[in-house]
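Written below as structure tokens is the structure these notes are about.
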There are 2 protein chains.
Amino acid sequence: MSSYEPTERTRVRRKPGRGSYDRELVDRVLDEALICHLGFVEDGQPYVIPTIHARVGSRLYLHGSKASRALGALGEGGDCCVTVTLIDGLVLARSALHHSLNYRSAMIFGVAGRVDDPAEKAIALEAVVEHIAPGRSGDARAPTREELDATEVVSLELQEASAKLREGGPIDNAEDIGLPVWAGQLPLSLVPGEPAAEPDLPPGLEAPGYLRSWRRP
Amino acid sequence: MSSYEPTERTRVRRKPGRGSYDRELVDRVLDEALICHLGFVEDGQPYVIPTIHARVGSRLYLHGSKASRALGALGEGGDCCVTVTLIDGLVLARSALHHSLNYRSAMIFGVAGRVDDPAEKAIALEAVVEHIAPGRSGDARAPTREELDATEVVSLELQEASAKLREGGPIDNAEDIGLPVWAGQLPLSLVPGEPAAEPDLPPGLEAPGYLRSWRRP
């Protein structure tokens, strides 16, 4: 099992027992989360922007328009922090202060770089489509060279990362255990509804199987 | 209907048609999201940390331990960016490039300040508990003065904020509409499972109604 080397930036200081540097756990959290929150600095000001990501091996791809402030700033080589968070449930303790959430999160630090090679851009975009709905890239029309040229893709090597997770029930103070207050967990998950087809589809097209059985990994 | 004044930081530059400065929309997104992603800068490095928040009127509260790097940095008065994002569904287009997500997000800029008054800290913590599960603060044991003293609370006035949302089906190029590719939306929502009680509850305690009917607003 391979691990990231903790650094000053990634060392989990608050509740270190919840921290992990395991690459497989970081990968799993990245792959399950539909979006990441991308942090960067412009003129000293932090920005946090939600965006779709995709992982290909040890490389994380983000894409957007050439007009994007975030990707523009990243493409110039500034430090960034990419955080993804999955919410797994509510934690209800006897005491107000010990209420919490169960979650899994991953945080990646690094310097992103612009991807200029159209072949690598195509791989990144295919990964983004597969990230949203595995199986989908076999159906969707692949991007043209013009579309690839108009799309900004940046990538970030996964080399400085950590994960953090909380699971299980509340941790109440010993003297609160006997209180007549219900305590426990409420599990939460992201659940799909019914696929809604566009009104102008050719007749006879059914929602594909990968969509009808869509679940996060 | 009151609105925020757009600023250089909050003006939605990418797809401005999806941007909004409506206070009510920002409030709704903040209230529905269980967590926020808090961005701050330390020694030039951006950090993005997931944390629970709660809104009380036009004030946003974040809380954590005194050991928290994020709250320590915020308490010293640095600029921050708080972003919350709700994922509403997958958007499957005929072409790979037009795949997207439906979402609602809010982004708040400002300088946070440490809350020292125990009475205001108590209000903030009650708001956090109510934020997770409305109705819960009537049951949970309220914090003691010692617990309040050991808890770091920071607050941020909502005065520079924007929201962004995408809804509806894919926007394909006209020439792709006739392709034999299913296109449409897959709605997603955060759904609760069955409450799981702690094994050491006093006998006869049932999961409270606000938990059994838990839904985001």
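Residues are named by chain letter and number: chains run A, B, ... in the order of the structure tokens, numbers start at 1 in each chain, and ligands are numbered from 1 in the order shown.
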Near-Pro143 in chain B list (8 Å; only C-alpha atoms; drop same-chain fewer than 6 positions) as a ChimeraX atom specification: /A:95-97 /B:122
Those residues with N, CA and C atoms, as an mmCIF file, in the first residue's frame please?
```
data_model
loop_
_atom_site.group_PDB
_atom_site.id
_atom_site.type_symbol
_atom_site.label_atom_id
_atom_site.label_comp_id
_atom_site.auth_asym_id
_atom_site.auth_seq_id
_atom_site.Cartn_x
_atom_site.Cartn_y
_atom_site.Cartn_z
ATOM 1 N N SER A 95 -24.870 15.811 23.529
ATOM 2 C CA SER A 95 -24.555 17.223 23.783
ATOM 3 C C SER A 95 -24.409 17.968 22.464
ATOM 4 N N ALA A 96 -24.842 19.214 22.469
ATOM 5 C CA ALA A 96 -24.822 20.040 21.262
ATOM 6 C C ALA A 96 -23.421 20.085 20.646
ATOM 7 N N LEU A 97 -22.424 20.220 21.511
ATOM 8 C CA LEU A 97 -21.071 20.447 21.025
ATOM 9 C C LEU A 97 -20.490 19.271 20.261
ATOM 10 N N ALA B 122 -22.789 30.803 21.981
ATOM 11 C CA ALA B 122 -23.884 29.862 22.239
ATOM 12 C C ALA B 122 -24.920 29.933 21.121
#
```
Could you write out as a PyMOL selection string the residues of chain A within 7 Å of chain B, counting only C-alpha atoms? chain A and resi 14+39-41+45-48+50+67-68+79-81+83+85+94-97+99+129+137+139-143+169+178+180-198+201-202+205-207
Of the candidates A:Pro134, A:Tyr210, A:Asp22, A:Ser155, which one gets nearest to Gly77 in chain A if we count only C-alpha atoms?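 Among the listed residues, the smallest separation from Gly77 in chain A belongs to A:Ser155.
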As a ChimeraX atom specification, please: every residue in range 86-159 of chain A that DSSP puts in helix (DSSP H, G or I). /A:96-98,118-132,136-138,145-150
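What separates CA of Ala163 in chain A from CA of Arg18 in chain A is a distance of 8.3 Å.
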Calculate how many Å separate CA of Asp117 in chain A from CA of Glu24 in chain A, rounding to one decimal.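 Atom-to-atom, CA of Asp117 in chain A to CA of Glu24 in chain A, that is 28.2 Å.
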How would you write, as a count of residues only, the set of residues in chain B that DSSP gives as strand (DSSP E)? 81
Neighbour list for Gly75 in chain B as a VMD selection string, cut-off 7 Å, only C-alpha atoms, skip fewer than 3 positions in-chain: chain B and resid 71 to 72 112 to 114 154
Write out the residues from the selection above, keeping N, CA and C atoms, as a PDB file, in the first residue's frame.
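Written file, out_27.pdb:
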```
ATOM      1  N   LEU B  71      -9.278  28.152  11.447  1.00  0.00           N
ATOM      2  CA  LEU B  71      -9.921  29.164  12.281  1.00  0.00           C
ATOM      3  C   LEU B  71      -8.876  30.086  12.904  1.00  0.00           C
ATOM      4  N   GLY B  72      -7.699  29.541  13.183  1.00  0.00           N
ATOM      5  CA  GLY B  72      -6.622  30.392  13.686  1.00  0.00           C
ATOM      6  C   GLY B  72      -6.258  31.467  12.667  1.00  0.00           C
ATOM      7  N   ALA B 112     -13.085  37.458   8.214  1.00  0.00           N
ATOM      8  CA  ALA B 112     -13.779  36.850   9.352  1.00  0.00           C
ATOM      9  C   ALA B 112     -13.188  37.383  10.646  1.00  0.00           C
ATOM     10  N   GLY B 113     -13.976  37.331  11.687  1.00  0.00           N
ATOM     11  CA  GLY B 113     -13.484  37.764  12.991  1.00  0.00           C
ATOM     12  C   GLY B 113     -13.817  36.735  14.046  1.00  0.00           C
ATOM     13  N   ARG B 114     -12.974  36.638  15.046  1.00  0.00           N
ATOM     14  CA  ARG B 114     -13.193  35.696  16.143  1.00  0.00           C
ATOM     15  C   ARG B 114     -14.347  36.184  17.015  1.00  0.00           C
ATOM     16  N   VAL B 154     -15.788  31.652  14.554  1.00  0.00           N
ATOM     17  CA  VAL B 154     -15.526  32.876  13.794  1.00  0.00           C
ATOM     18  C   VAL B 154     -16.793  33.237  13.026  1.00  0.00           C
TER      19      VAL B 154
END
```
